[in-house]
>>> print(open('start-v4.cif').read())   # mmCIF, C-alpha atoms and all ligand atoms
data_final
#
loop_
_atom_site.label_atom_id
_atom_site.label_comp_id
_atom_site.auth_asym_id
_atom_site.auth_seq_id
_atom_site.Cartn_x
_atom_site.Cartn_y
_atom_site.Cartn_z
CA MET A 655 0.00 0.00 0.00
CA ALA A 656 1.33 3.44 -0.92
CA VAL A 657 1.67 5.82 1.95
CA GLY A 658 1.02 9.34 0.71
CA PRO A 659 1.98 12.63 2.28
CA ALA A 660 -0.29 14.17 4.89
CA ARG A 661 -2.95 16.19 3.09
CA SER A 662 -2.70 19.90 3.68
CA GLY A 663 -5.72 21.26 5.49
CA SER A 664 -6.10 18.10 7.57
CA SER A 665 -5.36 19.98 10.79
CA GLU A 666 -8.43 20.59 12.92
CA THR A 667 -6.70 23.41 14.77
CA LEU A 668 -5.51 25.14 11.60
CA SER A 669 -9.02 24.94 10.09
CA ALA A 670 -10.50 26.45 13.26
CA VAL A 671 -7.90 29.22 13.33
CA LYS A 672 -8.50 30.07 9.67
CA ALA A 673 -12.29 30.07 10.11
CA ARG A 674 -11.98 32.32 13.18
CA GLY A 675 -9.61 34.66 11.39
CA ALA A 676 -7.25 34.77 14.38
CA LEU A 677 -4.90 32.60 16.40
CA VAL A 678 -5.67 32.26 20.12
CA CYS A 679 -2.42 32.13 22.06
CA GLY A 680 -1.92 31.61 25.80
CA VAL A 681 0.68 33.88 27.42
CA ASN A 682 1.93 34.96 30.82
CA GLU A 683 -0.14 37.49 32.75
CA GLY A 684 2.79 39.85 33.15
CA LEU A 685 6.48 39.11 32.78
CA PRO A 686 8.65 41.91 31.33
CA GLY A 687 10.61 40.74 28.29
CA PHE A 688 8.42 37.71 27.75
CA SER A 689 4.81 38.80 27.92
CA PHE A 690 3.94 42.22 29.19
CA VAL A 691 1.56 45.10 28.49
CA ASP A 692 3.66 48.23 27.83
CA GLU A 693 2.84 51.87 28.70
CA ARG A 694 0.92 52.26 25.45
CA GLY A 695 -1.29 49.26 26.27
CA GLY A 696 0.26 46.90 23.71
CA TRP A 697 1.53 43.40 24.45
CA THR A 698 5.26 42.88 23.94
CA GLY A 699 7.76 40.16 24.68
CA PHE A 700 9.64 37.14 23.43
CA ASP A 701 6.73 34.74 24.06
CA VAL A 702 4.24 37.23 22.58
CA ASP A 703 6.47 37.52 19.49
CA PHE A 704 6.20 33.79 19.03
CA CYS A 705 2.39 34.02 19.04
CA ARG A 706 2.61 36.79 16.44
CA ALA A 707 5.06 34.73 14.39
CA VAL A 708 2.60 31.83 14.17
CA ALA A 709 -0.18 34.26 13.18
CA ALA A 710 2.09 35.73 10.49
CA ALA A 711 2.90 32.24 9.16
CA ILE A 712 -0.81 31.48 8.82
CA PHE A 713 -2.33 34.82 7.77
CA GLY A 714 0.62 36.88 6.58
CA ASP A 715 -0.45 39.26 9.34
CA ALA A 716 1.11 39.16 12.80
CA ASN A 717 -1.81 41.09 14.29
CA ARG A 718 -4.31 38.32 13.68
CA VAL A 719 -3.79 36.96 17.20
CA ARG A 720 -5.82 37.03 20.39
CA LEU A 721 -3.62 36.78 23.49
CA VAL A 722 -5.03 35.02 26.54
CA PRO A 723 -3.18 35.71 29.81
CA LEU A 724 -2.98 32.54 31.91
CA SER A 725 -1.70 31.75 35.38
CA ALA A 726 0.81 28.93 35.88
CA ASP A 727 -1.95 26.79 37.40
CA ALA A 728 -4.44 27.32 34.57
CA ARG A 729 -2.22 27.13 31.46
CA PHE A 730 -2.19 23.41 30.50
CA ARG A 731 -5.87 22.86 31.27
CA ALA A 732 -6.72 25.82 28.99
CA LEU A 733 -4.86 24.10 26.15
CA VAL A 734 -6.40 20.68 26.82
CA ASP A 735 -9.88 22.24 26.93
CA GLY A 736 -9.38 23.93 23.54
CA LYS A 737 -9.55 27.47 24.95
CA ILE A 738 -6.28 28.31 23.20
CA ASP A 739 -4.57 27.00 20.03
CA VAL A 740 -1.03 27.24 21.37
CA LEU A 741 0.58 28.04 24.70
CA SER A 742 3.62 30.37 24.60
CA ARG A 743 4.15 31.04 28.28
CA ASN A 744 7.58 30.38 29.77
CA SER A 745 6.65 26.73 30.20
CA THR A 746 9.20 24.04 30.93
CA TRP A 747 9.17 20.95 28.74
CA THR A 748 8.88 17.93 31.01
CA MET A 749 7.91 14.33 30.34
CA GLY A 750 5.05 14.46 32.84
CA ARG A 751 3.42 17.47 31.21
CA GLU A 752 3.34 15.72 27.84
CA THR A 753 2.08 12.39 29.15
CA GLU A 754 -0.29 13.58 31.86
CA PHE A 755 -2.05 16.24 29.79
CA GLY A 756 -1.67 14.74 26.28
CA LEU A 757 0.39 17.68 25.07
CA THR A 758 3.45 18.19 22.85
CA PHE A 759 6.23 20.71 23.37
CA VAL A 760 7.32 21.59 19.84
CA GLY A 761 10.84 22.71 20.72
CA THR A 762 12.91 24.81 23.10
CA THR A 763 12.66 28.50 22.31
CA TYR A 764 14.62 29.44 25.44
CA TYR A 765 17.06 27.29 27.43
CA ASP A 766 16.70 28.36 31.04
CA GLY A 767 17.51 27.11 34.53
CA GLN A 768 16.27 27.82 38.03
CA GLY A 769 18.00 30.33 40.28
CA PHE A 770 17.63 32.45 43.39
CA LEU A 771 17.22 36.17 44.05
CA VAL A 772 18.22 37.58 47.46
CA PRO A 773 18.60 41.03 49.02
CA ARG A 774 22.16 42.29 48.51
CA ALA A 775 22.27 43.26 52.18
CA LEU A 776 22.18 39.59 53.26
CA ARG A 777 25.63 39.11 51.70
CA ILE A 778 24.86 35.59 50.56
CA ASN A 779 27.16 34.24 47.83
CA SER A 780 25.82 30.78 47.15
CA ALA A 781 22.58 28.83 47.32
CA ARG A 782 24.35 26.44 49.72
CA GLU A 783 24.08 29.21 52.32
CA LEU A 784 20.28 29.19 52.26
CA ASP A 785 19.71 26.61 55.02
CA GLY A 786 16.58 27.51 57.00
CA ALA A 787 15.53 30.27 54.56
CA LYS A 788 12.01 31.42 53.82
CA VAL A 789 11.62 31.05 50.06
CA CYS A 790 8.88 32.55 47.88
CA VAL A 791 7.86 30.29 45.01
CA GLN A 792 4.92 30.05 42.69
CA SER A 793 2.33 27.25 42.63
CA GLY A 794 1.77 25.11 39.53
CA THR A 795 5.40 25.30 38.42
CA THR A 796 8.42 23.04 38.03
CA THR A 797 10.10 25.61 40.30
CA ILE A 798 8.33 24.44 43.43
CA ASP A 799 9.34 20.79 42.83
CA ASN A 800 12.99 21.62 42.03
CA LEU A 801 13.16 23.72 45.16
CA ALA A 802 12.19 20.82 47.39
CA ASP A 803 14.67 18.52 45.59
CA PHE A 804 17.55 20.98 45.89
CA PHE A 805 17.12 21.54 49.62
CA ALA A 806 16.67 17.81 50.29
CA ASP A 807 19.72 16.90 48.17
CA ASN A 808 21.83 19.39 50.13
CA HIS A 809 20.45 18.39 53.55
CA MET A 810 19.03 21.84 54.14
CA THR A 811 15.65 22.87 55.47
CA LEU A 812 13.42 25.65 54.20
CA GLU A 813 10.10 27.29 54.70
CA THR A 814 8.20 27.69 51.42
CA VAL A 815 5.95 30.71 50.99
CA VAL A 816 3.66 29.87 48.08
CA ALA A 817 2.51 32.64 45.75
CA SER A 818 -0.27 32.33 43.20
CA SER A 819 0.93 34.85 40.59
CA THR A 820 3.87 37.08 39.70
CA ASP A 821 2.20 40.02 41.41
CA ASP A 822 1.72 37.95 44.53
CA SER A 823 5.39 36.78 44.48
CA ILE A 824 6.65 40.34 44.14
CA LYS A 825 4.37 41.63 46.88
CA LYS A 826 5.43 38.87 49.26
CA TYR A 827 9.16 39.23 48.57
CA ASP A 828 9.12 43.04 48.55
CA GLY A 829 7.06 42.98 51.74
CA GLY A 830 9.63 40.79 53.50
CA LEU A 831 7.42 37.71 53.85
CA CYS A 832 10.33 35.72 52.42
CA SER A 833 14.03 36.51 52.07
CA VAL A 834 14.61 34.50 48.90
CA LEU A 835 12.71 34.43 45.61
CA THR A 836 13.19 31.47 43.31
CA SER A 837 12.15 31.00 39.70
CA ASP A 838 13.64 30.49 36.24
CA LEU A 839 16.65 32.79 35.86
CA SER A 840 15.10 34.68 32.95
CA GLN A 841 12.14 35.43 35.17
CA LEU A 842 14.32 36.59 38.05
CA TYR A 843 15.79 39.24 35.71
CA ALA A 844 12.24 40.26 34.79
CA LEU A 845 10.82 40.16 38.32
CA ARG A 846 13.72 42.15 39.73
CA LEU A 847 12.71 45.06 37.51
CA ARG A 848 9.34 45.13 39.20
CA LEU A 849 10.70 45.38 42.77
CA SER A 850 10.68 48.75 44.49
CA LYS A 851 14.52 48.88 44.52
CA PRO A 852 15.84 46.49 41.85
CA LYS A 853 19.50 47.39 42.50
CA ASP A 854 19.25 46.17 46.10
CA HIS A 855 18.81 42.57 44.95
CA VAL A 856 21.23 40.06 43.46
CA ILE A 857 20.84 36.82 41.52
CA LEU A 858 22.98 34.04 42.98
CA PRO A 859 25.33 32.22 40.57
CA ASP A 860 23.77 28.79 41.19
CA VAL A 861 21.63 27.18 38.48
CA ILE A 862 19.81 24.24 40.08
CA SER A 863 17.81 22.78 37.18
CA LYS A 864 17.28 22.49 33.44
CA GLU A 865 14.29 24.53 32.27
CA PRO A 866 13.83 24.11 28.53
CA LEU A 867 11.03 26.58 27.80
CA GLY A 868 8.94 26.25 24.68
CA PRO A 869 5.58 26.46 22.95
CA VAL A 870 3.02 23.74 23.63
CA VAL A 871 0.16 22.30 21.57
CA ARG A 872 -2.28 19.40 21.87
CA GLN A 873 -0.77 16.07 20.93
CA ASN A 874 -3.59 14.88 18.65
CA ASP A 875 -3.01 17.30 15.75
CA LEU A 876 0.15 16.37 13.89
CA GLN A 877 -0.04 19.01 11.21
CA TRP A 878 -0.52 21.72 13.81
CA ILE A 879 2.51 20.42 15.70
CA GLU A 880 4.53 20.73 12.48
CA ILE A 881 3.33 24.27 11.80
CA VAL A 882 4.21 25.57 15.24
CA ARG A 883 7.48 23.64 15.36
CA TRP A 884 8.64 24.90 11.97
CA VAL A 885 7.88 28.50 12.83
CA HIS A 886 10.42 28.13 15.62
CA PHE A 887 12.94 26.37 13.36
CA ALA A 888 12.43 28.89 10.56
CA MET A 889 13.24 31.76 12.92
CA LEU A 890 16.48 30.00 13.91
CA ASP A 891 17.39 29.02 10.35
CA ALA A 892 16.76 32.62 9.29
CA GLU A 893 19.21 33.91 11.87
CA GLU A 894 21.78 31.33 10.81
CA LEU A 895 21.39 32.41 7.16
CA GLY A 896 21.59 36.10 8.05
CA VAL A 897 17.99 36.73 7.00
CA GLY A 898 16.24 39.13 9.38
CA ALA A 899 13.55 41.80 9.46
CA ASN A 900 16.01 44.27 7.89
CA THR A 901 17.27 41.99 5.13
CA ILE A 902 14.11 40.14 4.07
CA GLY A 903 13.70 42.31 0.94
CA GLN A 904 17.14 41.30 -0.25
CA ALA A 905 16.51 37.67 0.74
CA MET A 906 13.45 37.52 -1.52
CA ARG A 907 15.80 38.14 -4.48
CA SER A 908 18.56 35.82 -3.26
CA GLN A 909 19.79 33.01 -5.50
CA LYS A 910 21.20 30.99 -2.58
CA PRO A 911 19.26 27.72 -2.46
CA GLU A 912 18.96 27.65 1.36
CA VAL A 913 17.66 31.19 1.48
CA MET A 914 15.27 30.49 -1.41
CA ARG A 915 13.81 27.46 0.37
CA LEU A 916 13.41 29.49 3.58
CA VAL A 917 11.61 32.43 1.98
CA GLY A 918 9.62 30.26 -0.42
CA THR A 919 10.95 31.49 -3.76
CA THR A 920 11.65 27.83 -4.47
CA GLY A 921 10.06 24.62 -3.18
CA ASN A 922 6.65 23.92 -1.74
CA PHE A 923 7.38 23.74 1.96
CA GLY A 924 4.61 26.07 3.12
CA GLU A 925 1.88 24.35 1.15
CA GLU A 926 2.98 21.01 2.50
CA ILE A 927 2.01 22.18 5.99
CA GLY A 928 -1.23 23.86 4.89
CA LEU A 929 0.18 27.39 4.57
CA LYS A 930 1.40 29.65 1.79
CA ASN A 931 4.96 29.21 0.56
CA SER A 932 5.68 32.70 1.85
CA TRP A 933 4.93 31.53 5.45
CA ALA A 934 8.47 31.95 6.78
CA ALA A 935 9.11 35.17 4.84
CA ASN A 936 5.99 36.59 6.50
CA VAL A 937 7.26 35.57 9.93
CA ILE A 938 10.63 37.20 9.30
CA ARG A 939 9.13 40.36 7.79
CA SER A 940 6.86 40.97 10.77
CA VAL A 941 8.64 39.52 13.80
CA GLY A 942 12.18 39.03 12.56
CA ASN A 943 14.45 36.04 13.07
CA TYR A 944 15.20 34.39 16.44
CA GLY A 945 18.06 36.76 17.24
CA ASP A 946 15.98 39.82 16.32
CA SER A 947 13.28 38.79 18.79
CA PHE A 948 15.79 37.88 21.50
CA GLU A 949 17.66 41.19 21.20
CA ARG A 950 14.51 43.32 21.01
CA ASN A 951 12.95 41.80 24.11
CA LEU A 952 15.72 40.43 26.31
CA GLY A 953 19.07 41.50 24.93
CA ALA A 954 21.82 43.87 25.97
CA LYS A 955 19.93 47.00 24.90
CA THR A 956 16.82 46.14 26.97
CA PRO A 957 16.37 46.69 30.72
CA LEU A 958 16.69 42.91 31.24
CA ALA A 959 20.06 42.68 29.48
CA ILE A 960 20.13 38.87 29.50
CA PRO A 961 23.24 37.38 27.83
CA ARG A 962 22.42 35.04 24.90
CA GLY A 963 24.37 32.24 26.64
CA LEU A 964 22.96 28.79 25.80
CA ASN A 965 20.47 30.50 23.49
CA GLN A 966 23.19 31.52 21.08
CA LEU A 967 23.10 29.56 17.81
CA TRP A 968 25.04 26.27 17.81
CA ASN A 969 27.70 27.76 15.50
CA ALA A 970 28.22 30.71 17.82
CA GLY A 971 28.77 28.82 21.08
CA GLY A 972 25.19 28.07 22.09
CA ILE A 973 22.84 25.10 21.71
CA GLN A 974 20.07 26.57 19.55
CA TYR A 975 20.15 24.22 16.57
CA ALA A 976 17.35 23.93 14.02
CA PRO A 977 16.99 21.21 11.38
CA PRO A 978 17.25 22.58 7.85
CA ILE A 979 14.36 23.44 5.55
CA ARG A 980 14.86 21.10 2.61
N1 LIG B 1001 9.16 27.39 33.76
C1 LIG B 1001 8.48 27.04 34.95
C2 LIG B 1001 7.98 28.24 35.74
C3 LIG B 1001 7.01 29.04 34.97
C4 LIG B 1001 6.20 30.07 35.78
O1 LIG B 1001 4.98 30.10 35.67
N2 LIG B 1001 6.86 30.92 36.57
C5 LIG B 1001 6.17 31.91 37.35
C6 LIG B 1001 7.16 32.57 38.27
S1 LIG B 1001 7.75 34.11 37.73
C7 LIG B 1001 5.43 32.86 36.47
O2 LIG B 1001 5.78 33.05 35.33
N3 LIG B 1001 4.40 33.46 36.97
C8 LIG B 1001 3.62 34.40 36.26
C9 LIG B 1001 2.16 34.24 36.35
O3 LIG B 1001 1.65 33.21 36.84
O4 LIG B 1001 1.50 35.13 35.86
C10 LIG B 1001 7.30 26.14 34.63
O5 LIG B 1001 6.99 25.93 33.44
O6 LIG B 1001 6.68 25.61 35.55
#
>>> encode(input="start-v4.cif", output="structure tokens")
Amino acid sequence: MAVGPARSGSSETLSAVKARGALVCGVNEGLPGFSFVDERGGWTGFDVDFCRAVAAAIFGDANRVRLVPLSADARFRALVDGKIDVLSRNSTWTMGRETEFGLTFVGTTYYDGQGFLVPRALRINSARELDGAKVCVQSGTTTIDNLADFFADNHMTLETVVASSTDDSIKKYDGGLCSVLTSDLSQLYALRLRLSKPKDHVILPDVISKEPLGPVVRQNDLQWIEIVRWVHFAMLDAEELGVGANTIGQAMRSQKPEVMRLVGTTGNFGEEIGLKNSWAANVIRSVGNYGDSFERNLGAKTPLAIPRGLNQLWNAGGIQYAPPIR
């Protein structure tokens, strides 16, 4: 029996998104750099950019997206229940989350790890000095489980102060209800900016876990998984090929085969996943490549100033490595 290619348009989620005229994307309720409402009332951030990138791939218009702010506790249920099409909310890829909820993480858009924030005045230099500490941590996260493991592994005790949202964590820590705040390092940079005196707080050098953060979809829609996954890969491949928001015009005229496959001037890659062949060009034109989004939201010129680190491309010292479009 001949096994044919998956028919384009066979994705239930894609059909629903097209019929609705907009993508529904779950994001964080408020995390500077990742998902945040700016002074002008617009959503910005690295995770928000990813939502816009998927919308651009589908509609050629990054604004065709409805963002749904979700708490850590509510996020996976919202996806399972079909309230959102994709979750792009600083979520750690774990085995349990895929198996327990029937979900698929399409890739790792940000390699992170868990760390600790403490008041500078405490003069603590290492997480090993935290025996007996009161630690603020948020419910519904991998953070709370890693915290327990780390203290147990190091024969230390702690008192956990559980917060239900970012606002709650900040209020509790700023109000002195705990002397340590733990979360993913990227989030510590972001949360520190929201404290009353950011400069009075330091991030300890310890990284106690692996937190591969990435977009999540339901596991029963293979074509949708491919669409969301290849938006991520296309943004990385674009950076590797030097194609960004500023150079997309030039790239459309390029005769380099890899660039031509990426921007759709040759091949049929977009149509094979139910989109137009200009899908990736539309992503790059509106959101930019991976590096553009990283620098705009998190990079050296932003208040967060997070070093690229592990999130550098594989050929520049990091571990971001996308399969080729061919
Ligand atoms: N990456 C971890 C932690 C993610 C997480 O939700 N962190 C908290 C701590 S900053 C957060 O983003 N809270 C924001 C909110 O619930 O609005 C996970 O997937 O469990």
>>> atom_distance(input="start-v4.cif", atom1="CA of Asp727 in chain A", atom2="CA of Leu831 in chain A")
21.9 Å
>>> residues_near_ligand(input="start-v4.cif", ligand="ligand LIG 1001 (chain B)", cutoff="7 Å", atoms="only C-alpha atoms and all ligand atoms", output="PyMOL selection string")
chain A and resi 682-685+724-726+744-746+792+794-797+818-820+837-838+841+845+865+867
>>> residues_around(input="start-v4.cif", residues="range 938-948 of chain A", least_positions_apart="6", cutoff="7 Å", atoms="all atoms listed in the file", output="list in words")
Phe700, Asp703, Ala707, Ala716, Met889, Leu890, Ala892, Glu893, Gly898, Ala899 and Ile902 of chain A
>>> closest_atom_pairs(input="start-v4.cif", of="range 693-790 of chain A", to="range 958-966 of chain A", cutoff="9 Å", atoms="all atoms listed in the file", output="CSV")
residue,atom,partner,partner_atom,distance
A:Thr763,CA,A:Asn965,CA,8.1
A:Tyr764,CA,A:Asn965,CA,6.3
A:Tyr765,CA,A:Asn965,CA,6.1
A:Asp766,CA,A:Leu964,CA,8.2
>>> closest_residue(input="start-v4.cif", among="A:Phe713, A:Trp933, A:Phe770, A:Phe805", to="Leu842 in chain A", atoms="all atoms listed in the file")
A:Phe770
>>> residues_near_point(input="start-v4.cif", point="(-7.1, 25.0, 21.0)", cutoff="9 Å", atoms="all atoms listed in the file", output="PyMOL selection string")
chain A and resi 667+670-671+678-679+732-740+871-872
>>> closest_residue(input="start-v4.cif", among="A:Gly868, A:Gly830, A:Gly750, A:Gly921", to="Val789 in chain A", atoms="only C-alpha atoms")
A:Gly830
>>> residues_around(input="start-v4.cif", residues="Leu784 in chain A", least_positions_apart="5", cutoff="10 Å", atoms="all atoms listed in the file", output="list in words")
Phe770, Val772, Ile778, Asn779, Val789, Phe805, Met810, Thr811, Leu812, Ser833 and Val834 of chain A
>>> atom_distance(input="start-v4.cif", atom1="CA of Arg718 in chain A", atom2="CA of Arg980 in chain A")
28.0 Å
>>> residues_around(input="start-v4.cif", residues="Val885 in chain A", least_positions_apart="3", cutoff="8 Å", atoms="all atoms listed in the file", output="list in words")
Ala707, Val708, Ala711, Ile881, Val882, Ala888, Met889, Ala934 and Val937 of chain A
>>> write_last_selection(input="start-v4.cif", atoms="C-alpha atoms", output="PDB file, keeping the file's coordinate frame")
ATOM      1  CA  ALA A 707       5.060  34.730  14.390  1.00  0.00           C
ATOM      2  CA  VAL A 708       2.600  31.830  14.170  1.00  0.00           C
ATOM      3  CA  ALA A 711       2.900  32.240   9.160  1.00  0.00           C
ATOM      4  CA  ILE A 881       3.330  24.270  11.800  1.00  0.00           C
ATOM      5  CA  VAL A 882       4.210  25.570  15.240  1.00  0.00           C
ATOM      6  CA  ALA A 888      12.430  28.890  10.560  1.00  0.00           C
ATOM      7  CA  MET A 889      13.240  31.760  12.920  1.00  0.00           C
ATOM      8  CA  ALA A 934       8.470  31.950   6.780  1.00  0.00           C
ATOM      9  CA  VAL A 937       7.260  35.570   9.930  1.00  0.00           C
TER      10      VAL A 937
END
>>> atom_distance(input="start-v4.cif", atom1="CA of Ser793 in chain A", atom2="CA of Arg731 in chain A")
14.7 Å
>>> closest_residue(input="start-v4.cif", among="A:Arg848, A:Arg883, A:His809, A:Arg720", to="Thr758 in chain A", atoms="only C-alpha atoms")
A:Arg883
>>> decode(input="start-v4.cif", residues="range 849-864 of chain A", atoms="N, CA, C and O atoms", output="CSV table (one decimal), in the first residue's frame")
chain,number,residue,atom,x,y,z
A,849,LEU,N,10.6,45.1,41.3
A,849,LEU,CA,10.7,45.4,42.8
A,849,LEU,C,10.9,46.9,43.0
A,849,LEU,O,11.2,47.6,42.1
A,850,SER,N,10.6,47.3,44.2
A,850,SER,CA,10.7,48.8,44.5
A,850,SER,C,12.1,49.3,44.3
A,850,SER,O,12.3,50.4,43.8
A,851,LYS,N,13.1,48.5,44.7
A,851,LYS,CA,14.5,48.9,44.5
A,851,LYS,C,15.3,47.8,43.9
A,851,LYS,O,16.1,47.0,44.5
A,852,PRO,N,15.2,47.6,42.5
A,852,PRO,CA,15.8,46.5,41.8
A,852,PRO,C,17.3,46.3,42.2
A,852,PRO,O,17.8,45.2,42.3
A,853,LYS,N,18.0,47.5,42.3
A,853,LYS,CA,19.5,47.4,42.5
A,853,LYS,C,19.9,46.8,43.9
A,853,LYS,O,21.1,46.5,44.1
A,854,ASP,N,18.9,46.7,44.8
A,854,ASP,CA,19.3,46.2,46.1
A,854,ASP,C,19.2,44.6,46.1
A,854,ASP,O,19.2,44.0,47.2
A,855,HIS,N,19.0,44.0,45.0
A,855,HIS,CA,18.8,42.6,45.0
A,855,HIS,C,19.8,41.9,44.0
A,855,HIS,O,20.0,42.5,42.9
A,856,VAL,N,20.3,40.7,44.3
A,856,VAL,CA,21.2,40.1,43.5
A,856,VAL,C,20.7,38.6,43.1
A,856,VAL,O,20.1,38.0,43.9
A,857,ILE,N,21.1,38.2,41.9
A,857,ILE,CA,20.8,36.8,41.5
A,857,ILE,C,22.1,36.0,41.8
A,857,ILE,O,23.2,36.3,41.4
A,858,LEU,N,21.9,34.9,42.6
A,858,LEU,CA,23.0,34.0,43.0
A,858,LEU,C,23.5,33.3,41.7
A,858,LEU,O,22.7,33.0,40.8
A,859,PRO,N,24.8,32.9,41.8
A,859,PRO,CA,25.3,32.2,40.6
A,859,PRO,C,24.8,30.8,40.3
A,859,PRO,O,24.9,30.3,39.2
A,860,ASP,N,24.2,30.2,41.3
A,860,ASP,CA,23.8,28.8,41.2
A,860,ASP,C,22.6,28.6,40.2
A,860,ASP,O,21.7,29.4,40.2
A,861,VAL,N,22.7,27.6,39.4
A,861,VAL,CA,21.6,27.2,38.5
A,861,VAL,C,21.3,25.7,38.9
A,861,VAL,O,22.1,24.8,38.7
A,862,ILE,N,20.1,25.5,39.5
A,862,ILE,CA,19.8,24.2,40.1
A,862,ILE,C,19.0,23.3,39.2
A,862,ILE,O,18.7,22.2,39.6
A,863,SER,N,18.6,23.7,38.0
A,863,SER,CA,17.8,22.8,37.2
A,863,SER,C,18.0,23.1,35.7
A,863,SER,O,18.5,24.1,35.3
A,864,LYS,N,17.4,22.2,34.9
A,864,LYS,CA,17.3,22.5,33.4
A,864,LYS,C,15.8,22.9,33.2
A,864,LYS,O,14.9,22.2,33.6
